[in-house]
Structure formats: C-alpha cells, structure tokens
file start-v5.pdb (PDB, C-alpha atoms and all ligand atoms)
ATOM      1  CA  MET A  23      12.519  -0.778 -38.718
ATOM      2  CA  GLU A  24      13.405  -1.518 -35.125
ATOM      3  CA  PRO A  25      10.496  -1.780 -32.713
ATOM      4  CA  ARG A  26       9.846   0.813 -30.031
ATOM      5  CA  ILE A  27       9.900  -0.906 -26.681
ATOM      6  CA  GLU A  28       8.404   0.868 -23.700
ATOM      7  CA  ILE A  29       8.037  -0.230 -20.094
ATOM      8  CA  PRO A  30       4.603   0.998 -18.948
ATOM      9  CA  ALA A  31       4.305   2.117 -15.330
ATOM     10  CA  PHE A  32       1.851  -0.592 -14.290
ATOM     11  CA  PRO A  33       1.076  -4.217 -15.205
ATOM     12  CA  GLN A  34      -1.078  -5.121 -18.211
ATOM     13  CA  GLY A  35      -1.229  -1.616 -19.570
ATOM     14  CA  LYS A  36      -3.221  -0.255 -16.653
ATOM     15  CA  ARG A  37      -3.222   3.514 -16.542
ATOM     16  CA  ILE A  38      -3.863   4.286 -12.896
ATOM     17  CA  ALA A  39      -2.919   2.455  -9.731
ATOM     18  CA  VAL A  40      -5.356   2.722  -6.834
ATOM     19  CA  THR A  41      -4.078   1.755  -3.412
ATOM     20  CA  LEU A  42      -5.400   2.365   0.093
ATOM     21  CA  SER A  43      -3.936   2.327   3.592
ATOM     22  CA  PHE A  44      -5.734   1.968   6.933
ATOM     23  CA  ASP A  45      -4.135   2.159  10.364
ATOM     24  CA  ASP A  46      -4.389   0.707  13.856
ATOM     25  CA  GLY A  47      -6.155  -2.672  13.450
ATOM     26  CA  HIS A  48      -9.400  -2.053  15.282
ATOM     27  CA  THR A  49     -12.351  -4.396  14.904
ATOM     28  CA  PHE A  50     -13.810  -1.791  12.515
ATOM     29  CA  ASP A  51     -11.389  -3.136   9.916
ATOM     30  CA  ARG A  52     -13.753  -6.102   9.476
ATOM     31  CA  LYS A  53     -16.333  -3.808   7.889
ATOM     32  CA  VAL A  54     -13.685  -2.004   5.872
ATOM     33  CA  VAL A  55     -12.271  -5.249   4.473
ATOM     34  CA  ALA A  56     -15.743  -6.594   3.664
ATOM     35  CA  ALA A  57     -16.521  -3.462   1.630
ATOM     36  CA  LEU A  58     -13.169  -3.462  -0.149
ATOM     37  CA  ASN A  59     -13.517  -7.138  -1.045
ATOM     38  CA  ARG A  60     -17.007  -6.500  -2.420
ATOM     39  CA  LEU A  61     -15.704  -3.573  -4.491
ATOM     40  CA  GLY A  62     -12.534  -5.324  -5.654
ATOM     41  CA  LEU A  63     -10.198  -2.801  -4.000
ATOM     42  CA  LYS A  64      -6.944  -3.631  -2.251
ATOM     43  CA  ALA A  65      -5.423  -2.045   0.808
ATOM     44  CA  THR A  66      -2.561  -2.114   3.260
ATOM     45  CA  PHE A  67      -3.405  -2.429   6.947
ATOM     46  CA  ASN A  68      -0.860  -1.050   9.393
ATOM     47  CA  LEU A  69      -1.052  -2.885  12.699
ATOM     48  CA  ASN A  70       0.266  -2.446  16.229
ATOM     49  CA  SER A  71       1.040  -6.022  17.210
ATOM     50  CA  GLY A  72       1.302  -5.088  20.910
ATOM     51  CA  LYS A  73      -2.299  -3.901  20.929
ATOM     52  CA  LEU A  74      -3.886  -6.912  19.257
ATOM     53  CA  GLY A  75      -5.899  -9.231  21.486
ATOM     54  CA  ARG A  76      -4.149 -12.478  22.390
ATOM     55  CA  THR A  77      -7.024 -14.455  23.861
ATOM     56  CA  GLY A  78      -8.332 -16.068  20.698
ATOM     57  CA  GLU A  79     -11.593 -14.388  21.606
ATOM     58  CA  ILE A  80     -13.311 -12.496  18.806
ATOM     59  CA  LEU A  81     -14.561  -9.209  20.224
ATOM     60  CA  PRO A  82     -17.659  -7.506  18.857
ATOM     61  CA  ASP A  83     -17.242  -4.252  16.909
ATOM     62  CA  GLY A  84     -17.063  -1.528  19.493
ATOM     63  CA  TYR A  85     -15.271   1.685  20.138
ATOM     64  CA  ARG A  86     -11.600   1.005  19.466
ATOM     65  CA  ASN A  87     -11.609  -2.660  20.281
ATOM     66  CA  TYR A  88      -8.540  -4.191  18.729
ATOM     67  CA  LEU A  89      -8.689  -7.285  16.594
ATOM     68  CA  ASP A  90      -7.509 -10.545  18.055
ATOM     69  CA  ALA A  91      -4.202 -11.771  16.667
ATOM     70  CA  SER A  92      -5.941 -14.994  15.628
ATOM     71  CA  GLU A  93      -8.114 -13.047  13.130
ATOM     72  CA  VAL A  94      -5.323 -11.252  11.310
ATOM     73  CA  ALA A  95      -4.263 -13.811   8.692
ATOM     74  CA  ASP A  96      -7.786 -14.629   7.482
ATOM     75  CA  LEU A  97      -9.223 -11.133   7.666
ATOM     76  CA  TYR A  98      -6.486  -9.442   5.654
ATOM     77  CA  ARG A  99      -5.880 -12.224   3.106
ATOM     78  CA  GLY A 100      -5.371 -10.676  -0.338
ATOM     79  CA  HIS A 101      -4.415  -7.350   1.259
ATOM     80  CA  GLU A 102      -1.118  -6.303   2.847
ATOM     81  CA  VAL A 103      -0.306  -6.276   6.538
ATOM     82  CA  ALA A 104       2.354  -3.710   7.439
ATOM     83  CA  ILE A 105       4.217  -2.273  10.414
ATOM     84  CA  HIS A 106       2.706   0.455  12.601
ATOM     85  CA  THR A 107       5.106  -0.245  15.543
ATOM     86  CA  VAL A 108       4.381  -2.467  18.549
ATOM     87  CA  THR A 109       2.734   0.147  20.804
ATOM     88  CA  HIS A 110       2.013   3.263  18.662
ATOM     89  CA  PRO A 111       4.410   5.728  20.356
ATOM     90  CA  PHE A 112       5.556   9.129  19.109
ATOM     91  CA  LEU A 113       8.713   7.922  17.379
ATOM     92  CA  ASP A 114      10.528  11.246  17.784
ATOM     93  CA  ARG A 115      10.437  10.777  21.575
ATOM     94  CA  LEU A 116      12.274   7.449  21.546
ATOM     95  CA  ASP A 117      15.960   6.661  21.660
ATOM     96  CA  VAL A 118      17.403   4.629  18.837
ATOM     97  CA  SER A 119      17.204   1.191  20.474
ATOM     98  CA  GLN A 120      13.554   1.598  21.504
ATOM     99  CA  LEU A 121      12.776   2.821  18.027
ATOM    100  CA  ALA A 122      14.438  -0.228  16.473
ATOM    101  CA  TYR A 123      12.559  -2.507  18.870
ATOM    102  CA  GLU A 124       9.196  -0.907  18.087
ATOM    103  CA  VAL A 125       9.718  -1.481  14.379
ATOM    104  CA  LEU A 126      11.507  -4.835  14.239
ATOM    105  CA  ASP A 127       9.437  -6.513  16.924
ATOM    106  CA  ASP A 128       6.224  -5.384  15.241
ATOM    107  CA  ARG A 129       7.561  -6.814  12.013
ATOM    108  CA  ARG A 130       8.437 -10.156  13.618
ATOM    109  CA  ASN A 131       5.116 -10.385  15.439
ATOM    110  CA  LEU A 132       3.107  -9.633  12.306
ATOM    111  CA  GLU A 133       5.176 -12.029  10.210
ATOM    112  CA  GLY A 134       4.360 -14.711  12.779
ATOM    113  CA  LEU A 135       0.675 -14.081  12.043
ATOM    114  CA  VAL A 136       0.619 -13.659   8.267
ATOM    115  CA  GLY A 137       3.484 -15.928   7.165
ATOM    116  CA  TYR A 138       5.260 -13.597   4.725
ATOM    117  CA  PRO A 139       7.985 -10.953   5.093
ATOM    118  CA  VAL A 140       6.376  -7.719   6.294
ATOM    119  CA  ARG A 141       8.199  -4.820   4.655
ATOM    120  CA  GLY A 142       5.956  -1.747   4.642
ATOM    121  CA  MET A 143       5.111   0.686   7.400
ATOM    122  CA  ALA A 144       3.029   3.716   8.348
ATOM    123  CA  TYR A 145       4.253   6.214  10.946
ATOM    124  CA  PRO A 146       2.170   6.366  14.160
ATOM    125  CA  PHE A 147       0.601   9.856  14.367
ATOM    126  CA  GLY A 148       2.376  10.600  11.065
ATOM    127  CA  VAL A 149       5.466  11.571  13.101
ATOM    128  CA  TYR A 150       8.939  11.108  11.582
ATOM    129  CA  ASP A 151      12.163  12.955  10.912
ATOM    130  CA  GLN A 152      15.298  12.375   8.883
ATOM    131  CA  LYS A 153      16.982  10.325  11.626
ATOM    132  CA  ILE A 154      13.959   8.031  11.938
ATOM    133  CA  ALA A 155      13.660   7.602   8.164
ATOM    134  CA  ASP A 156      17.363   6.726   7.916
ATOM    135  CA  LEU A 157      17.159   4.168  10.722
ATOM    136  CA  LEU A 158      14.156   2.463   9.096
ATOM    137  CA  ARG A 159      16.020   2.336   5.797
ATOM    138  CA  GLY A 160      18.891   0.626   7.618
ATOM    139  CA  LEU A 161      16.452  -1.871   9.127
ATOM    140  CA  GLY A 162      15.199  -2.837   5.677
ATOM    141  CA  VAL A 163      11.781  -1.173   5.773
ATOM    142  CA  ALA A 164      10.800  -0.798   2.102
ATOM    143  CA  TYR A 165       8.563   2.254   2.514
ATOM    144  CA  SER A 166       6.897   4.205   5.283
ATOM    145  CA  ARG A 167       3.701   6.170   4.753
ATOM    146  CA  THR A 168       3.335   9.641   6.197
ATOM    147  CA  THR A 169       0.115  11.643   6.614
ATOM    148  CA  ARG A 170       1.255  14.282   4.122
ATOM    149  CA  THR A 171      -0.647  14.569   0.853
ATOM    150  CA  GLU A 172       0.791  15.386  -2.547
ATOM    151  CA  GLU A 173      -0.873  15.459  -5.931
ATOM    152  CA  LYS A 174       1.870  13.272  -7.431
ATOM    153  CA  CYS A 175       2.748  10.802  -4.711
ATOM    154  CA  PHE A 176       4.541   8.042  -6.629
ATOM    155  CA  PRO A 177       7.313   7.155  -7.105
ATOM    156  CA  PRO A 178       8.329   9.087  -3.974
ATOM    157  CA  GLU A 179      11.665  10.874  -3.757
ATOM    158  CA  ASP A 180      12.247   8.983  -0.497
ATOM    159  CA  PRO A 181      10.127   5.837   0.077
ATOM    160  CA  LEU A 182      10.636   6.326   3.833
ATOM    161  CA  LYS A 183       8.750   9.640   3.549
ATOM    162  CA  TRP A 184       5.903   8.519   1.326
ATOM    163  CA  ALA A 185       3.010  10.974   0.909
ATOM    164  CA  THR A 186      -0.560   9.996   0.019
ATOM    165  CA  THR A 187      -3.034  11.528  -2.422
ATOM    166  CA  ALA A 188      -5.719  12.222   0.166
ATOM    167  CA  HIS A 189      -7.196  11.327   3.526
ATOM    168  CA  GLN A 190     -10.425   9.296   3.302
ATOM    169  CA  PHE A 191     -12.473  12.248   4.572
ATOM    170  CA  ALA A 192     -10.604  14.949   2.657
ATOM    171  CA  SER A 193     -12.792  18.025   2.338
ATOM    172  CA  GLU A 194     -13.574  19.272  -1.149
ATOM    173  CA  PRO A 195     -12.273  18.143  -3.444
ATOM    174  CA  THR A 196     -13.399  14.888  -1.843
ATOM    175  CA  VAL A 197     -11.876  11.512  -2.644
ATOM    176  CA  PRO A 198     -14.345  10.782  -5.488
ATOM    177  CA  GLN A 199     -13.885  14.304  -6.893
ATOM    178  CA  ARG A 200     -10.080  13.970  -6.799
ATOM    179  CA  PHE A 201     -10.278  10.574  -8.460
ATOM    180  CA  GLU A 202     -12.585  11.818 -11.192
ATOM    181  CA  LYS A 203     -10.144  14.613 -12.014
ATOM    182  CA  LEU A 204      -7.155  12.291 -12.076
ATOM    183  CA  TYR A 205      -8.989   9.660 -14.094
ATOM    184  CA  ALA A 206      -9.763  12.245 -16.798
ATOM    185  CA  GLN A 207      -6.047  12.867 -17.352
ATOM    186  CA  PRO A 208      -4.199  10.693 -19.864
ATOM    187  CA  ARG A 209      -0.995  10.145 -17.865
ATOM    188  CA  TYR A 210       0.055   7.329 -15.541
ATOM    189  CA  SER A 211      -0.929   8.126 -11.951
ATOM    190  CA  VAL A 212      -1.159   6.631  -8.502
ATOM    191  CA  PHE A 213      -4.222   7.399  -6.368
ATOM    192  CA  PHE A 214      -3.468   6.668  -2.727
ATOM    193  CA  VAL A 215      -6.028   7.160   0.060
ATOM    194  CA  TRP A 216      -5.344   6.653   3.778
ATOM    195  CA  GLY A 217      -7.461   6.635   6.901
ATOM    196  CA  HIS A 218      -8.843   4.557   9.758
ATOM    197  CA  GLY A 219     -11.788   2.235  10.254
ATOM    198  CA  PHE A 220     -12.750   4.083  13.446
ATOM    199  CA  GLU A 221     -13.361   7.299  11.518
ATOM    200  CA  PHE A 222     -16.392   5.727   9.813
ATOM    201  CA  HIS A 223     -17.620   4.713  13.270
ATOM    202  CA  ASP A 224     -16.870   8.045  14.977
ATOM    203  CA  ARG A 225     -18.782   9.948  12.299
ATOM    204  CA  ASN A 226     -21.523   7.349  12.262
ATOM    205  CA  ASP A 227     -20.962   7.298   8.515
ATOM    206  CA  TRP A 228     -20.416   3.739   7.333
ATOM    207  CA  ASP A 229     -22.200   4.685   4.097
ATOM    208  CA  ALA A 230     -18.974   6.535   3.309
ATOM    209  CA  LEU A 231     -17.310   3.233   2.434
ATOM    210  CA  ASP A 232     -19.467   3.002  -0.667
ATOM    211  CA  ARG A 233     -19.761   6.729  -1.254
ATOM    212  CA  LEU A 234     -15.984   7.201  -1.235
ATOM    213  CA  PHE A 235     -14.707   3.971  -2.726
ATOM    214  CA  ALA A 236     -17.341   2.659  -5.158
ATOM    215  CA  PRO A 237     -16.491   5.485  -7.635
ATOM    216  CA  LEU A 238     -12.889   4.178  -7.667
ATOM    217  CA  SER A 239     -13.881   0.582  -8.308
ATOM    218  CA  GLY A 240     -14.556  -1.606 -11.323
ATOM    219  CA  LYS A 241     -12.460   0.320 -13.881
ATOM    220  CA  PRO A 242     -10.773  -1.946 -16.430
ATOM    221  CA  ASP A 243      -7.820   0.428 -16.836
ATOM    222  CA  VAL A 244      -7.123   0.728 -13.103
ATOM    223  CA  TRP A 245      -4.706  -1.508 -11.233
ATOM    224  CA  TYR A 246      -5.999  -2.223  -7.718
ATOM    225  CA  CYS A 247      -2.953  -3.006  -5.604
ATOM    226  CA  THR A 248      -1.543  -2.986  -2.105
ATOM    227  CA  ASN A 249       1.167  -0.507  -1.150
ATOM    228  CA  ILE A 250       3.984  -3.061  -1.370
ATOM    229  CA  GLU A 251       2.746  -4.386  -4.723
ATOM    230  CA  LEU A 252       3.201  -0.889  -6.096
ATOM    231  CA  PHE A 253       6.793  -0.670  -4.848
ATOM    232  CA  ASP A 254       7.620  -4.222  -5.916
ATOM    233  CA  TYR A 255       6.338  -3.634  -9.434
ATOM    234  CA  GLU A 256       8.227  -0.355  -9.736
ATOM    235  CA  ALA A 257      11.407  -2.151  -8.596
ATOM    236  CA  ALA A 258      10.830  -4.990 -11.069
ATOM    237  CA  ARG A 259      10.290  -2.693 -14.047
ATOM    238  CA  SER A 260      13.293  -0.561 -13.159
ATOM    239  CA  ARG A 261      15.514  -3.674 -13.032
ATOM    240  CA  LEU A 262      14.443  -4.871 -16.480
ATOM    241  CA  VAL A 263      17.379  -5.089 -18.911
ATOM    242  CA  ILE A 264      16.520  -4.711 -22.583
ATOM    243  CA  ALA A 265      19.328  -5.704 -24.966
ATOM    244  CA  ALA A 266      20.763  -2.852 -27.021
ATOM    245  CA  ASN A 267      19.858  -4.788 -30.170
ATOM    246  CA  LEU A 268      16.283  -5.088 -28.837
ATOM    247  CA  ARG A 269      16.251  -8.858 -29.425
ATOM    248  CA  SER A 270      16.118 -10.014 -25.821
ATOM    249  CA  VAL A 271      15.082  -8.855 -22.387
ATOM    250  CA  LEU A 272      16.240 -10.005 -18.970
ATOM    251  CA  ASN A 273      13.802  -9.787 -16.072
ATOM    252  CA  PRO A 274      15.868 -10.490 -12.941
ATOM    253  CA  SER A 275      12.890 -10.034 -10.596
ATOM    254  CA  ALA A 276      10.345 -12.628  -9.479
ATOM    255  CA  LEU A 277       7.448 -10.669 -11.028
ATOM    256  CA  PRO A 278       6.203 -10.657 -14.610
ATOM    257  CA  VAL A 279       6.652  -7.212 -16.154
ATOM    258  CA  THR A 280       4.561  -5.816 -19.004
ATOM    259  CA  LEU A 281       6.285  -4.354 -22.066
ATOM    260  CA  ALA A 282       4.720  -2.405 -24.893
ATOM    261  CA  VAL A 283       6.365  -3.450 -28.154
ATOM    262  CA  ASP A 284       5.234  -1.055 -30.883
ATOM    263  CA  GLY A 285       2.265  -0.384 -28.647
ATOM    264  CA  LYS A 286       1.357  -4.059 -28.283
ATOM    265  CA  LEU A 287       1.426  -5.373 -24.729
ATOM    266  CA  ARG A 288       3.657  -8.300 -23.955
ATOM    267  CA  GLU A 289       4.248  -9.878 -20.570
ATOM    268  CA  VAL A 290       7.861 -10.700 -19.752
ATOM    269  CA  PRO A 291       8.162 -13.503 -17.200
ATOM    270  CA  PRO A 292      11.064 -13.724 -14.751
ATOM    271  CA  GLY A 293      14.293 -14.723 -16.532
ATOM    272  CA  LEU A 294      15.401 -14.276 -20.130
ATOM    273  CA  THR A 295      12.927 -13.692 -22.948
ATOM    274  CA  LEU A 296      13.691 -13.383 -26.659
ATOM    275  CA  LEU A 297      11.787 -10.614 -28.356
TER
HETATM  276 ZN    ZN B 301      -2.064   4.896  14.048
END
call {"tool": "encode", "arguments": {"input": "start-v5.pdb", "output": "structure tokens", "more": "lines below"}}
Ligand SMILES: [Zn+2]
result
Amino acid sequence: MEPRIEIPAFPQGKRIAVTLSFDDGHTFDRKVVAALNRLGLKATFNLNSGKLGRTGEILPDGYRNYLDASEVADLYRGHEVAIHTVTHPFLDRLDVSQLAYEVLDDRRNLEGLVGYPVRGMAYPFGVYDQKIADLLRGLGVAYSRTTRTEEKCFPPEDPLKWATTAHQFASEPTVPQRFEKLYAQPRYSVFFVWGHGFEFHDRNDWDALDRLFAPLSGKPDVWYCTNIELFDYEAARSRLVIAANLRSVLNPSALPVTLAVDGKLREVPPGLTLL
C-alpha cells in the first residue's frame, strides 16, 4: 500500500508555535530578553532606528531610554530584529515617499546593525490601511504586525495585516489562561503575544515576565520561534513538491522541512530526497 505523506504545520512534529513581539527598543528590552533567554522563548523586536542612541554609551534602564545602536546585535542575538519605521510616525498621515523612507531606511539601518536581511515589521501605533499595506508589500516587507487580536492568527489572510493572539496584559482570559485553553486542543495552532518592555516598568510589574511567559515555556511539543521563522517555515512547507508516485520529494527552500510518512517523522533537507 502506498504511504500517506503529510506535511505537518511546524518542524519536528511540534503542535503549537509560540512567538512573541515587542516594540520600540527601549532599554527595558534588556530585562525582557534576559527573561526570554532564561525561559527558552523567542521573540521579534521591532525597532525605530532613528531613536536608538548613537554614542556608544550604554544608558541605564530608565523611563523610555532607548538602547544604543551598539547594543542591538548582541542583545537580540537568537531573536529577530524587525522594522518599526525610523521615527515612529502615524503612517496614515504621511505621503507615499515619506512612508517609503520610514520603512526602507529603518530596514537599511537595522541591517547595518544586525548583519542579515530585515524583512518583518510592526505598525507604529498599530495604524495602517490598505494603501499602506500594499506599499509595504511592494517594498518587499514579508509581514507587518497589527495590534488586532484574533483567535486564529496564522497563517494570516494578508501577512501585511497580521493579527496577534493577545496583548501581554490582556485582561481575562489572560495570556496564561488563553495558552492553557489552546494547548488543550489537539489541532495545530500559533500563539502570538505582543507588547512593550516599558509596560512592565510602567505597571511596576516585572514579575509579569515570569507570570505570563513561564507557563508557555519548556513544552516539548511547542516550537519557540521568531515571527519571521514562522513565515519562512510556512513558505518552505508550501513550496515542497512531493512526486505523484510518492517516491521523491523536492525541497526548493533553504530550510529543512518535516514530513510525516505513515505518521513517522522524516526531515527533508533542501534539494531532492528519495522517499
Ligand atoms: Zn511602537
């Protein structure tokens, strides 16, 4: 009998993808990153390159101090750095050339710091419209996060209008309560939380880092990923070509993709694999 070949949603048979997104690049991100690294969580940090310090001087944590550009590469290593525009304007108040500048220049500045193509984005103030989304698409932005929340947030109908699962300080059901509910369901899901480092500071509630995120951590069947890793994996699995005779599979992407062959997991490296 011919095998049944399925392409699971996430790598290595993981059932749920957990990804986080934090905006603005204040010095508070140091505490956020330290907690995430301790818990084994991954996040995307959306930065305004025009607001970063340029003195090489490391400022102490304080109310809305911005990080120095010289800290960015080391601090966010293992996470994703993404566009949040150069100066954090209301994008719907800009003409098209200013809008393009805010996005592309932020991208170039951040790429100069981190050394890889920066492709993701979050909208300043959550503001966007169809015209803005279409321009970003034309500029090659892979996704842009909104501040909307939806129970099923991935894959989005339009990656340039990407909703999240919840804000970090969502009222009941809280982030841990929402995760517990989702985790109890058997289907593939993405759990996507967004917020800001300064909100922990403003509420004087740094304990929230552990209270909110420890319940999400350490699960063997959860894939902890950045925002762009989620999109890249989805693109890779959707490009997989399985021969009609089920004897070979072509993976044209640069990422290994996991197959389930009669329920048994098998990793398909880039290129051609015989089954
Ligand atoms: Zn912002």
call {"tool": "resolve_selection", "arguments": {"input": "start-v5.pdb", "expression": "the PyMOL selection byres (((chain A and resi 293) around 8) and not hetatm)", "output": "list in words"}}
result
Leu272, Asn273, Pro274, Ser275, Pro291, Pro292, Leu294 and Thr295 of chain A
call {"tool": "closest_atom_pairs", "arguments": {"input": "start-v5.pdb", "of": "stretch 39-79 of chain A", "to": "stretch 169-190 of chain A", "cutoff": "12 Å", "atoms": "only C-alpha atoms", "output": "CSV"}}
result
residue,atom,partner,partner_atom,distance
A:Ala39,CA,A:Phe176,CA,9.8
A:Val40,CA,A:Thr187,CA,10.1
A:Thr41,CA,A:Thr186,CA,9.6
A:Leu42,CA,A:Thr186,CA,9.0
A:Ser43,CA,A:Thr186,CA,9.1
A:Phe44,CA,A:Gln190,CA,9.4
A:Asp45,CA,A:Thr169,CA,11.0
call {"tool": "resolve_selection", "arguments": {"input": "start-v5.pdb", "expression": "the PyMOL selection byres (((chain A and resi 208) around 12) and not hetatm)", "output": "VMD selection string"}}
result
chain A and resid 36 to 38 203 to 207 209 to 211 243
call {"tool": "closest_residue", "arguments": {"input": "start-v5.pdb", "among": "A:Ala266, A:Ala122, A:Ala104, A:Ala56", "to": "ligand ZN 301 (chain B)", "atoms": "all atoms listed in the file"}}
result
A:Ala104
call {"tool": "closest_atom_pairs", "arguments": {"input": "start-v5.pdb", "of": "chain A", "to": "ligand ZN 301 (chain B)", "cutoff": "10 Å", "atoms": "all atoms listed in the file", "output": "tab-separated table"}}
result
residue	atom	partner	partner_atom	distance
A:Phe44	CA	B:ZN301	ZN	8.5
A:Asp45	CA	B:ZN301	ZN	5.0
A:Asp46	CA	B:ZN301	ZN	4.8
A:Gly47	CA	B:ZN301	ZN	8.6
A:Asn68	CA	B:ZN301	ZN	7.6
A:Leu69	CA	B:ZN301	ZN	8.0
A:Asn70	CA	B:ZN301	ZN	8.0
A:His106	CA	B:ZN301	ZN	6.7
A:Thr107	CA	B:ZN301	ZN	8.9
A:Thr109	CA	B:ZN301	ZN	9.6
A:His110	CA	B:ZN301	ZN	6.4
A:Pro111	CA	B:ZN301	ZN	9.1
A:Ala144	CA	B:ZN301	ZN	7.7
A:Tyr145	CA	B:ZN301	ZN	7.2
A:Pro146	CA	B:ZN301	ZN	4.5
A:Phe147	CA	B:ZN301	ZN	5.6
A:Gly148	CA	B:ZN301	ZN	7.8
A:Gly217	CA	B:ZN301	ZN	9.1
A:His218	CA	B:ZN301	ZN	8.0
call {"tool": "resolve_selection", "arguments": {"input": "start-v5.pdb", "expression": "the PyMOL selection byres (((chain A and resi 285-288) around 10) and not hetatm)", "output": "list in words"}}
result
Pro25, Arg26, Ile27, Glu28, Ile29, Pro30, Pro33, Gln34, Gly35, Pro278, Val279, Thr280, Leu281, Ala282, Val283, Asp284, Glu289, Val290, Pro291 and Leu297 of chain A
call {"tool": "atom_distance", "arguments": {"input": "start-v5.pdb", "atom1": "atom CA of A:Tyr165", "atom2": "atom CA of A:Gly142"}}
result
5.2 Å
call {"tool": "atom_distance", "arguments": {"input": "start-v5.pdb", "atom1": "atom CA of A:Ser71", "atom2": "atom CA of A:Gln152"}}
result
24.7 Å
call {"tool": "axis_aligned_box", "arguments": {"input": "start-v5.pdb", "around": "stretch 133-137 of chain A", "padding_each_side": "5 Å", "output": "AutoDock Vina command-line options"}}
result
--center_x 2.9 --center_y -14.0 --center_z 10.0 --size_x 14.6 --size_y 13.9 --size_z 15.6
call {"tool": "decode", "arguments": {"input": "start-v5.pdb", "residues": "stretch 163-184 of chain A", "atoms": "N, CA and C atoms", "output": "CSV table (one decimal), in the first residue's frame"}}
result
chain,number,residue,atom,x,y,z
A,163,VAL,N,8.4,43.9,2.2
A,163,VAL,CA,8.2,43.6,3.6
A,163,VAL,C,7.4,42.3,3.7
A,164,ALA,N,7.9,41.3,4.4
A,164,ALA,CA,7.3,40.0,4.4
A,164,ALA,C,6.0,39.9,5.2
A,165,TYR,N,6.0,40.6,6.3
A,165,TYR,CA,4.8,40.6,7.1
A,165,TYR,C,4.8,41.9,7.9
A,166,SER,N,3.6,42.4,8.3
A,166,SER,CA,3.6,43.5,9.3
A,166,SER,C,2.5,43.3,10.3
A,167,ARG,N,2.9,43.3,11.6
A,167,ARG,CA,2.1,43.0,12.7
A,167,ARG,C,1.2,44.2,13.1
A,168,THR,N,-0.1,43.9,13.3
A,168,THR,CA,-1.0,45.0,13.7
A,168,THR,C,-1.2,44.8,15.2
A,169,THR,N,-2.1,45.6,15.8
A,169,THR,CA,-2.4,45.4,17.2
A,169,THR,C,-3.8,44.7,17.4
A,170,ARG,N,-4.3,44.2,16.3
A,170,ARG,CA,-5.6,43.5,16.4
A,170,ARG,C,-5.3,42.1,17.0
A,171,THR,N,-6.3,41.5,17.6
A,171,THR,CA,-6.2,40.1,18.1
A,171,THR,C,-7.2,39.3,17.4
A,172,GLU,N,-6.8,38.0,17.1
A,172,GLU,CA,-7.8,37.1,16.6
A,172,GLU,C,-7.4,35.7,17.2
A,173,GLU,N,-8.4,34.9,17.4
A,173,GLU,CA,-8.2,33.6,18.0
A,173,GLU,C,-7.3,32.7,17.1
A,174,LYS,N,-7.6,32.7,15.8
A,174,LYS,CA,-6.7,32.0,14.8
A,174,LYS,C,-6.0,33.1,14.0
A,175,CYS,N,-4.7,33.2,14.3
A,175,CYS,CA,-4.0,34.4,13.7
A,175,CYS,C,-3.0,34.0,12.6
A,176,PHE,N,-2.9,32.6,12.4
A,176,PHE,CA,-1.9,32.2,11.4
A,176,PHE,C,-2.3,30.9,10.7
A,177,PRO,N,-2.1,30.8,9.4
A,177,PRO,CA,-1.5,31.9,8.5
A,177,PRO,C,-2.5,33.0,8.2
A,178,PRO,N,-2.0,34.2,8.2
A,178,PRO,CA,-3.0,35.3,8.0
A,178,PRO,C,-3.5,35.4,6.6
A,179,GLU,N,-4.7,35.9,6.4
A,179,GLU,CA,-5.2,36.1,5.0
A,179,GLU,C,-4.2,37.1,4.3
A,180,ASP,N,-3.8,38.2,5.0
A,180,ASP,CA,-2.9,39.1,4.4
A,180,ASP,C,-1.7,39.3,5.4
A,181,PRO,N,-0.5,38.8,5.1
A,181,PRO,CA,0.6,39.0,6.0
A,181,PRO,C,0.9,40.4,6.4
A,182,LEU,N,0.5,41.4,5.5
A,182,LEU,CA,0.7,42.8,5.8
A,182,LEU,C,-0.3,43.3,6.8
A,183,LYS,N,-1.3,42.5,7.2
A,183,LYS,CA,-2.3,42.9,8.2
A,183,LYS,C,-2.4,41.8,9.3
A,184,TRP,N,-1.2,41.4,9.8
A,184,TRP,CA,-1.2,40.2,10.7
A,184,TRP,C,-1.7,40.5,12.1
